[in-house]
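Shown next: coords-v4.txt, given as compact mmCIF, C-alpha atoms and all ligand atoms.
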# COMPACT_ATOMS: atom_id res chain seq x y z
CA MET A 1 0.00 0.00 0.00
CA ASN A 2 2.86 2.37 0.80
CA ASN A 3 4.08 4.44 -2.20
CA LYS A 4 0.65 4.28 -3.84
CA ARG A 5 -1.10 7.35 -5.19
CA ILE A 6 -4.59 7.20 -3.74
CA LEU A 7 -7.52 9.38 -4.79
CA VAL A 8 -10.30 9.53 -2.18
CA THR A 9 -13.56 11.03 -3.47
CA GLY A 10 -15.90 12.52 -0.88
CA GLY A 11 -13.02 12.78 1.60
CA ALA A 12 -14.53 15.84 3.31
CA GLY A 13 -17.70 13.96 4.31
CA PHE A 14 -18.43 11.71 7.29
CA ILE A 15 -16.88 8.39 6.25
CA GLY A 16 -14.45 9.96 3.77
CA SER A 17 -12.78 12.20 6.38
CA ASN A 18 -12.43 9.25 8.78
CA LEU A 19 -10.97 7.20 5.90
CA VAL A 20 -8.46 9.93 4.93
CA LEU A 21 -7.26 10.09 8.56
CA HIS A 22 -7.02 6.28 8.68
CA LEU A 23 -4.99 6.10 5.44
CA MET A 24 -2.70 9.01 6.39
CA LYS A 25 -1.93 7.36 9.75
CA SER A 26 -1.55 3.80 8.45
CA TYR A 27 0.42 4.49 5.24
CA PRO A 28 2.73 7.48 5.64
CA GLY A 29 4.39 6.58 2.32
CA CYS A 30 1.16 7.06 0.34
CA GLU A 31 0.22 10.18 -1.58
CA ILE A 32 -3.40 10.96 -0.75
CA CYS A 33 -5.51 13.34 -2.81
CA ASN A 34 -8.91 14.23 -1.38
CA LEU A 35 -11.40 15.20 -4.10
CA ASP A 36 -14.64 16.76 -2.89
CA LYS A 37 -17.23 19.20 -4.20
CA LEU A 38 -17.70 20.55 -0.65
CA THR A 39 -21.47 20.25 -0.46
CA TYR A 40 -23.36 21.25 2.71
CA ALA A 41 -22.50 17.75 4.09
CA SER A 42 -18.73 18.30 4.05
CA ASP A 43 -16.38 19.86 6.57
CA LEU A 44 -12.67 20.23 5.88
CA THR A 45 -11.92 21.24 9.48
CA PHE A 46 -12.09 17.52 10.37
CA LEU A 47 -8.88 17.16 8.37
CA ALA A 48 -7.01 20.05 10.00
CA ASP A 49 -4.45 17.62 11.47
CA VAL A 50 -3.30 16.41 8.06
CA GLN A 51 -3.89 19.38 5.77
CA SER A 52 -0.32 20.66 5.89
CA GLN A 53 1.33 17.25 5.46
CA LYS A 54 3.35 16.93 2.24
CA ASN A 55 1.69 13.69 1.12
CA TYR A 56 -1.86 15.12 1.41
CA SER A 57 -3.65 17.39 -1.04
CA PHE A 58 -7.19 18.59 -1.53
CA VAL A 59 -9.01 19.53 -4.73
CA GLN A 60 -12.47 21.00 -4.95
CA VAL A 61 -14.06 19.13 -7.86
CA ASP A 62 -17.65 18.21 -8.73
CA ILE A 63 -17.58 14.68 -10.18
CA VAL A 64 -20.56 15.60 -12.35
CA ASN A 65 -18.15 17.83 -14.31
CA ARG A 66 -16.47 15.33 -16.65
CA GLU A 67 -13.73 17.66 -17.78
CA ALA A 68 -12.76 18.49 -14.19
CA VAL A 69 -12.65 14.74 -13.42
CA ARG A 70 -10.43 14.15 -16.48
CA ASN A 71 -8.06 16.94 -15.42
CA ILE A 72 -7.60 15.79 -11.84
CA ILE A 73 -7.05 12.18 -12.88
CA ARG A 74 -4.35 13.23 -15.34
CA ASP A 75 -2.77 15.68 -12.89
CA PHE A 76 -2.74 13.43 -9.84
CA ARG A 77 -2.21 10.12 -11.70
CA PRO A 78 -3.89 7.82 -9.12
CA ASP A 79 -3.18 4.13 -9.06
CA GLY A 80 -5.98 3.58 -6.58
CA VAL A 81 -9.36 5.22 -6.01
CA PHE A 82 -11.66 4.98 -2.98
CA HIS A 83 -14.95 6.36 -4.32
CA LEU A 84 -17.19 7.73 -1.56
CA ALA A 85 -18.48 11.02 -3.04
CA ALA A 86 -22.27 10.89 -3.08
CA GLU A 87 -25.43 12.58 -1.97
CA SER A 88 -26.25 10.44 1.04
CA HIS A 89 -29.42 11.49 2.88
CA VAL A 90 -32.55 9.44 2.07
CA ASP A 91 -34.97 12.23 3.13
CA ASN A 92 -33.29 14.69 0.74
CA SER A 93 -33.55 12.14 -2.08
CA ILE A 94 -37.32 12.01 -1.50
CA SER A 95 -37.78 15.79 -1.54
CA GLY A 96 -35.34 16.37 -4.43
CA PRO A 97 -33.93 13.32 -6.25
CA GLU A 98 -32.06 15.05 -9.09
CA PRO A 99 -28.73 15.72 -7.32
CA PHE A 100 -28.70 12.04 -6.33
CA ILE A 101 -28.94 10.94 -9.96
CA MET A 102 -26.31 13.47 -11.02
CA SER A 103 -23.69 12.91 -8.31
CA ASN A 104 -24.24 9.24 -7.58
CA VAL A 105 -24.91 7.89 -11.08
CA VAL A 106 -23.43 10.39 -13.58
CA GLY A 107 -20.55 11.22 -11.22
CA THR A 108 -19.65 7.53 -10.82
CA PHE A 109 -19.82 7.06 -14.59
CA ASN A 110 -17.48 10.04 -15.15
CA LEU A 111 -14.92 8.60 -12.76
CA LEU A 112 -15.08 5.09 -14.25
CA GLU A 113 -14.87 6.30 -17.82
CA GLU A 114 -12.04 8.80 -17.28
CA LEU A 115 -10.07 6.23 -15.27
CA ARG A 116 -10.63 3.58 -17.92
CA LEU A 117 -9.34 5.88 -20.67
CA TRP A 118 -6.34 7.08 -18.71
CA TRP A 119 -5.33 3.71 -17.26
CA THR A 120 -5.56 2.22 -20.79
CA GLU A 121 -3.40 4.99 -22.29
CA GLU A 122 -0.78 4.71 -19.53
CA ASN A 123 -0.76 0.91 -19.46
CA LEU A 124 -1.92 0.94 -15.83
CA PHE A 125 -5.06 -1.03 -16.47
CA ASP A 126 -4.00 -4.05 -14.39
CA LYS A 127 -2.28 -2.04 -11.66
CA GLY A 128 -5.06 0.50 -11.04
CA ARG A 129 -7.85 -0.36 -8.60
CA PHE A 130 -11.25 1.26 -8.11
CA LEU A 131 -13.07 0.66 -4.80
CA HIS A 132 -16.71 1.67 -4.99
CA VAL A 133 -18.29 2.38 -1.59
CA SER A 134 -21.97 1.51 -1.54
CA THR A 135 -24.72 0.72 0.90
CA ASP A 136 -26.86 -2.19 2.12
CA GLU A 137 -29.93 -0.11 1.16
CA VAL A 138 -29.58 -1.39 -2.43
CA TYR A 139 -31.05 -4.71 -1.22
CA GLY A 140 -34.34 -3.15 -0.10
CA SER A 141 -36.06 -4.20 3.10
CA LEU A 142 -35.94 -7.40 5.18
CA GLY A 143 -38.76 -8.88 7.26
CA ALA A 144 -38.22 -9.99 10.84
CA THR A 145 -35.65 -12.64 9.91
CA GLY A 146 -32.82 -13.22 7.41
CA PHE A 147 -29.75 -11.25 6.36
CA PHE A 148 -28.46 -9.53 3.23
CA THR A 149 -25.73 -11.57 1.54
CA GLU A 150 -23.80 -10.72 -1.63
CA GLU A 151 -26.32 -12.91 -3.51
CA THR A 152 -29.42 -11.02 -2.31
CA PRO A 153 -31.18 -9.52 -5.36
CA TYR A 154 -31.15 -5.73 -5.60
CA ALA A 155 -34.50 -4.10 -4.71
CA PRO A 156 -33.85 -0.42 -3.92
CA ASN A 157 -36.86 1.51 -2.60
CA SER A 158 -35.78 5.17 -2.26
CA PRO A 159 -34.30 7.49 -4.88
CA TYR A 160 -31.07 7.38 -2.79
CA SER A 161 -30.82 3.59 -2.80
CA ALA A 162 -31.85 3.45 -6.47
CA SER A 163 -29.04 5.87 -7.36
CA LYS A 164 -26.51 3.79 -5.40
CA ALA A 165 -27.81 0.55 -6.97
CA SER A 166 -27.40 2.16 -10.42
CA SER A 167 -23.83 3.15 -9.68
CA ASP A 168 -23.08 -0.40 -8.40
CA MET A 169 -24.34 -1.75 -11.75
CA LEU A 170 -22.07 0.61 -13.69
CA VAL A 171 -19.08 -0.54 -11.64
CA ARG A 172 -20.04 -4.17 -12.30
CA ALA A 173 -20.37 -3.47 -16.04
CA TYR A 174 -16.92 -1.82 -16.21
CA HIS A 175 -15.43 -5.00 -14.80
CA HIS A 176 -17.33 -7.41 -17.03
CA THR A 177 -17.06 -5.35 -20.23
CA TYR A 178 -13.60 -3.79 -19.97
CA GLY A 179 -11.91 -5.97 -17.34
CA MET A 180 -11.43 -3.00 -15.04
CA ASN A 181 -10.02 -3.85 -11.62
CA VAL A 182 -12.94 -2.92 -9.35
CA VAL A 183 -14.31 -3.96 -5.96
CA THR A 184 -17.62 -2.87 -4.41
CA THR A 185 -18.58 -2.74 -0.74
CA ASN A 186 -22.12 -2.61 0.64
CA CYS A 187 -22.10 -1.45 4.24
CA SER A 188 -24.73 -1.03 6.93
CA ASN A 189 -25.41 2.22 8.86
CA ASN A 190 -22.32 3.88 10.31
CA TYR A 191 -21.98 5.85 13.54
CA GLY A 192 -19.04 7.89 14.78
CA PRO A 193 -17.58 11.40 14.71
CA HIS A 194 -17.90 13.80 11.72
CA GLN A 195 -21.45 12.91 10.66
CA HIS A 196 -23.63 15.74 9.39
CA ASP A 197 -26.22 17.19 11.82
CA GLU A 198 -29.13 16.00 9.65
CA LYS A 199 -28.54 12.27 10.30
CA LEU A 200 -30.31 10.25 13.04
CA ILE A 201 -27.65 10.00 15.76
CA PRO A 202 -26.42 13.63 15.56
CA THR A 203 -30.07 14.78 15.48
CA VAL A 204 -30.87 12.82 18.65
CA ILE A 205 -27.86 14.23 20.50
CA ARG A 206 -28.34 17.81 19.28
CA THR A 207 -32.04 18.00 20.08
CA ALA A 208 -31.62 16.21 23.43
CA LEU A 209 -28.92 18.62 24.57
CA ALA A 210 -31.09 21.57 23.47
CA GLN A 211 -33.98 19.97 25.45
CA LYS A 212 -36.13 19.93 22.33
CA PRO A 213 -38.41 17.10 21.11
CA ILE A 214 -36.34 14.18 19.74
CA PRO A 215 -38.13 13.18 16.51
CA ILE A 216 -38.55 9.48 15.68
CA TYR A 217 -40.24 8.28 12.50
CA GLY A 218 -43.43 6.19 12.88
CA LYS A 219 -43.33 3.92 15.93
CA GLY A 220 -39.53 3.67 15.94
CA ASP A 221 -39.66 -0.05 15.17
CA ASN A 222 -37.50 0.07 12.01
CA ILE A 223 -34.30 -1.92 12.50
CA ARG A 224 -30.80 -0.89 11.42
CA ASP A 225 -27.45 -2.71 11.79
CA TRP A 226 -24.97 -0.17 13.24
CA LEU A 227 -21.21 -0.25 12.57
CA PHE A 228 -18.56 2.06 13.98
CA VAL A 229 -17.06 4.19 11.19
CA GLY A 230 -13.49 3.16 12.15
CA ASP A 231 -14.40 -0.50 11.56
CA HIS A 232 -15.87 0.46 8.18
CA CYS A 233 -12.64 2.27 7.22
CA LYS A 234 -10.56 -0.76 8.18
CA ALA A 235 -12.87 -2.95 6.06
CA LEU A 236 -12.46 -0.60 3.07
CA ASP A 237 -8.69 -0.78 3.50
CA ASP A 238 -8.84 -4.62 3.59
CA VAL A 239 -11.11 -4.85 0.54
CA PHE A 240 -8.94 -2.40 -1.41
CA GLN A 241 -5.82 -4.42 -0.67
CA LYS A 242 -7.07 -7.99 -0.63
CA GLY A 243 -10.52 -8.11 -2.27
CA ARG A 244 -10.89 -10.11 -5.48
CA SER A 245 -11.42 -8.01 -8.59
CA GLY A 246 -15.04 -7.83 -9.72
CA GLU A 247 -16.36 -9.01 -6.32
CA THR A 248 -18.67 -7.30 -3.87
CA TYR A 249 -18.26 -7.50 -0.08
CA ASN A 250 -20.99 -6.83 2.49
CA ILE A 251 -19.81 -5.04 5.64
CA GLY A 252 -21.76 -5.13 8.88
CA GLY A 253 -21.24 -5.59 12.59
CA HIS A 254 -24.01 -7.99 13.75
CA ASN A 255 -25.41 -5.08 15.72
CA GLU A 256 -29.13 -4.65 15.10
CA TRP A 257 -31.17 -2.04 16.94
CA THR A 258 -34.72 -0.79 16.54
CA ASN A 259 -34.63 2.99 16.18
CA ILE A 260 -36.52 3.44 19.44
CA ASP A 261 -34.14 1.20 21.41
CA LEU A 262 -31.13 2.97 19.92
CA VAL A 263 -32.52 6.39 20.79
CA ARG A 264 -33.39 5.25 24.35
CA LYS A 265 -29.83 3.90 24.70
CA ILE A 266 -28.36 7.22 23.56
CA CYS A 267 -30.64 9.07 25.98
CA SER A 268 -29.56 6.90 28.91
CA LEU A 269 -25.87 7.39 28.01
CA LEU A 270 -26.50 11.14 27.85
CA ASP A 271 -28.15 10.96 31.31
CA GLU A 272 -24.92 9.36 32.61
CA MET A 273 -22.48 11.56 30.71
CA VAL A 274 -24.20 14.97 30.83
CA GLY A 275 -27.14 14.87 33.23
CA GLU A 276 -29.02 18.17 33.11
CA GLY A 277 -31.88 16.55 31.15
CA PRO A 278 -35.57 16.86 31.95
CA GLU A 279 -37.09 15.16 34.99
CA GLY A 280 -37.06 11.40 34.21
CA GLY A 281 -34.13 11.73 31.75
CA TYR A 282 -33.58 12.71 28.12
CA ALA A 283 -35.88 9.88 26.92
CA GLN A 284 -38.82 12.04 28.06
CA LEU A 285 -38.09 14.21 24.99
CA ILE A 286 -38.78 11.37 22.48
CA THR A 287 -41.61 12.35 20.10
CA PHE A 288 -43.02 10.16 17.35
CA VAL A 289 -43.48 11.93 14.00
CA LYS A 290 -45.09 10.98 10.65
CA ASP A 291 -43.15 8.11 9.07
CA ARG A 292 -40.82 8.54 6.09
CA PRO A 293 -42.60 7.45 2.85
CA GLY A 294 -41.50 3.95 1.78
CA HIS A 295 -39.46 3.54 4.98
CA ASP A 296 -37.56 0.22 4.79
CA MET A 297 -38.38 -1.93 7.85
CA ARG A 298 -35.16 -3.81 8.51
CA TYR A 299 -31.57 -3.97 7.28
CA ALA A 300 -29.15 -6.63 8.52
CA ILE A 301 -25.87 -7.71 6.97
CA ASP A 302 -24.32 -11.16 6.80
CA PRO A 303 -20.57 -10.31 6.77
CA THR A 304 -19.39 -13.95 6.42
CA LYS A 305 -17.65 -13.33 3.09
CA ILE A 306 -15.43 -10.43 4.22
CA GLU A 307 -14.74 -12.23 7.53
CA THR A 308 -13.72 -15.56 6.02
CA GLU A 309 -12.03 -14.35 2.81
CA LEU A 310 -10.26 -11.25 4.08
CA GLY A 311 -10.06 -11.85 7.83
CA TRP A 312 -11.88 -8.58 8.67
CA ARG A 313 -13.75 -8.42 12.00
CA ASN A 314 -15.89 -5.79 13.67
CA THR A 315 -13.51 -5.25 16.57
CA GLN A 316 -14.94 -2.36 18.55
CA SER A 317 -17.36 -2.58 21.45
CA PHE A 318 -20.62 -0.77 20.62
CA GLU A 319 -20.95 0.69 24.14
CA ASP A 320 -17.35 2.03 24.18
CA GLU A 321 -17.43 3.49 20.67
CA MET A 322 -20.89 4.99 21.20
CA LYS A 323 -19.67 6.69 24.39
CA LYS A 324 -16.67 8.14 22.50
CA THR A 325 -19.00 9.20 19.69
CA LEU A 326 -21.34 10.92 22.14
CA ALA A 327 -18.40 12.69 23.79
CA TRP A 328 -17.35 14.04 20.36
CA TYR A 329 -20.85 15.43 19.61
CA ILE A 330 -21.34 16.76 23.14
CA ALA A 331 -18.13 18.79 22.75
CA ARG A 332 -19.34 19.99 19.33
CA TYR A 333 -22.86 20.96 20.37
CA GLN A 334 -21.99 22.43 23.75
CA LYS A 335 -19.39 24.86 22.30
N1 LIG B 401 -23.22 6.96 6.27
C1 LIG B 401 -23.51 5.68 6.20
O1 LIG B 401 -24.02 5.10 7.17
C2 LIG B 401 -23.19 4.89 4.95
C3 LIG B 401 -23.37 3.51 4.97
C4 LIG B 401 -23.02 2.77 3.81
C5 LIG B 401 -22.52 3.42 2.69
N2 LIG B 401 -22.39 4.77 2.70
C6 LIG B 401 -21.82 5.40 1.49
O2 LIG B 401 -20.56 5.95 1.86
C7 LIG B 401 -20.29 7.12 1.12
C8 LIG B 401 -20.01 8.27 2.07
O3 LIG B 401 -21.14 8.45 2.91
P1 LIG B 401 -21.15 9.59 4.03
O4 LIG B 401 -22.14 9.19 5.05
O5 LIG B 401 -19.75 9.90 4.43
O6 LIG B 401 -21.74 10.82 3.20
P2 LIG B 401 -21.59 12.38 3.45
O7 LIG B 401 -22.84 12.98 2.89
O8 LIG B 401 -21.23 12.67 4.87
O9 LIG B 401 -20.34 12.79 2.54
C9 LIG B 401 -20.38 12.77 1.15
C10 LIG B 401 -19.26 13.64 0.63
O10 LIG B 401 -19.33 13.59 -0.82
C11 LIG B 401 -19.18 14.91 -1.34
N3 LIG B 401 -19.89 15.00 -2.61
C12 LIG B 401 -21.24 14.90 -2.83
N4 LIG B 401 -21.51 15.08 -4.13
C13 LIG B 401 -20.32 15.28 -4.77
C14 LIG B 401 -19.95 15.55 -6.10
N5 LIG B 401 -20.88 15.67 -7.07
N6 LIG B 401 -18.65 15.69 -6.40
C15 LIG B 401 -17.69 15.59 -5.42
N7 LIG B 401 -17.99 15.39 -4.12
C16 LIG B 401 -19.30 15.23 -3.78
C17 LIG B 401 -19.80 15.82 -0.27
O11 LIG B 401 -19.30 17.15 -0.38
C18 LIG B 401 -19.39 15.12 1.03
O12 LIG B 401 -18.14 15.59 1.49
C19 LIG B 401 -21.51 7.36 0.23
O13 LIG B 401 -21.23 6.87 -1.05
C20 LIG B 401 -22.61 6.54 0.90
O14 LIG B 401 -23.55 6.10 -0.04
C21 LIG B 401 -22.71 5.52 3.80
Translate the structure of the given file into structure tokens.
Ligand SMILES: NC(=O)c1ccc[n+]([C@@H]2O[C@H](COP(=O)([O-])OP(=O)(O)OC[C@H]3O[C@@H](n4cnc5c(N)ncnc54)[C@H](O)[C@@H]3O)[C@@H](O)[C@H]2O)c1
Amino acid sequence: MNNKRILVTGGAGFIGSNLVLHLMKSYPGCEICNLDKLTYASDLTFLADVQSQKNYSFVQVDIVNREAVRNIIRDFRPDGVFHLAAESHVDNSISGPEPFIMSNVVGTFNLLEELRLWWTEENLFDKGRFLHVSTDEVYGSLGATGFFTEETPYAPNSPYSASKASSDMLVRAYHHTYGMNVVTTNCSNNYGPHQHDEKLIPTVIRTALAQKPIPIYGKGDNIRDWLFVGDHCKALDDVFQKGRSGETYNIGGHNEWTNIDLVRKICSLLDEMVGEGPEGGYAQLITFVKDRPGHDMRYAIDPTKIETELGWRNTQSFEDEMKKTLAWYIARYQK
């Protein structure tokens, strides 16, 4: 891995910024270029610790702009790409799907096509590797039992998951048609520092600390499989280095929670860590609101393939990492 030239797209977002920090720490011999449009969901201050290091650079590029993608690929000359840039919030994809189609589908196409042309010209076709970071939401919704495996048929239900499923299909086609060296990961919900305020866990913490109603969709019985972002980054690193070309790998931590149980857990940790909540604790602030249209009931990942083939494991304790995560947001929101 050392001495590689790695392009990370979406490196100013939640998972991307954690990944850039992971790669910079683990592989000091790598050149890392962070490409990001800097949408509302990004924050470069998370990367303040690495921004002046000689082997790190940042470029503000919109991957929808094909010419800008061509230029950065030819300037930076990556031999590896971790592709995370995407519009990522399901609610926004329901109120306005177009940016999701543009960034997630057209943007992924622009990257694949410009890399294919350049790697072919430079005779790097076998050496170059493209890791496409996707989501378990492409598989649709599970009932009370069962798990998503790599063989589960795609059945996306929201404009967000449909745009990610489309980009996964393009990546697959570039492998089968052109022999491009690609790997795709489909991961469950992540938690950890650097996530945008709009997402569930930051919203719960922010509203609880402000002693405002904590909104929960429907009855709160939807189930998600939560993975610490650091474990996701380690999995991406493993798949990039050891994954078989053309394969997909599901990433998940065997850590299912109903939304209501997760929010109650966060509230009780906040009672311990902060106190100062309403009489009876922060959980008193929980308020049920109108459900999201087409809300998938349950996601759960079977990570057997990445565990047995690549030796990856979800190593962190949920309680410990959630406490550290809460401490990070408490410091942020109580500034
Ligand atoms: N957050 C999760 O729980 C989760 C789980 C599985 C997979 N994923 C996938 O991981 C990736 C990163 O997710 P995240 O939660 O960090 O998202 P995020 O919204 O926090 O960050 C996305 C980043 O992409 C950038 N971006 C968006 N459109 C762009 C464009 N057109 N050109 C260049 N940059 C652009 C944004 O500025 C932002 O910095 C996404 O592809 C997402 O689908 C996320």
Throw together the list of residues within 8 Å of ligand LIG 401 (chain B), counting only C-alpha atoms and all ligand atoms, and drop it here as number ranges by chain.
-> A: 9-17, 35-43, 60-64, 83-89, 99, 102-104, 107, 132-137, 164, 186-191, 194-196
Exercise: Gly280 in chain A partners within 12 Å, only C-alpha atoms, chain neighbours under 4 positions left out, as a ChimeraX atom specification = /A:267-268,271,275-276,284-286
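Atom to atom, CA of Ser167 in chain A and CA of Thr108 in chain A stand 6.2 Å apart.
Going from CA of Gln241 in chain A over to CA of Val183 in chain A, you cover 10.0 Å.
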Just how far from CA of Gly253 in chain A is CA of Ile301 in chain A, in Å to one decimal?
-> 7.6 Å
As a short mmCIF file (atom, residue, chain, number, x, y, z; two decimals) with C-alpha atoms, in the coordinates of the input, please: the residues near Tyr178 in chain A (cut-off 12 Å, all atoms listed in the file, same-chain neighbours under 5 positions excluded).
data_model
loop_
_atom_site.label_atom_id
_atom_site.label_comp_id
_atom_site.auth_asym_id
_atom_site.auth_seq_id
_atom_site.Cartn_x
_atom_site.Cartn_y
_atom_site.Cartn_z
CA LEU A 112 -15.08 5.09 -14.25
CA GLU A 113 -14.87 6.30 -17.82
CA LEU A 115 -10.07 6.23 -15.27
CA ARG A 116 -10.63 3.58 -17.92
CA LEU A 117 -9.34 5.88 -20.67
CA TRP A 119 -5.33 3.71 -17.26
CA THR A 120 -5.56 2.22 -20.79
CA PHE A 125 -5.06 -1.03 -16.47
CA ASP A 126 -4.00 -4.05 -14.39
CA LEU A 170 -22.07 0.61 -13.69
CA VAL A 171 -19.08 -0.54 -11.64
CA ARG A 172 -20.04 -4.17 -12.30
CA ALA A 173 -20.37 -3.47 -16.04
CA GLY A 246 -15.04 -7.83 -9.72
#
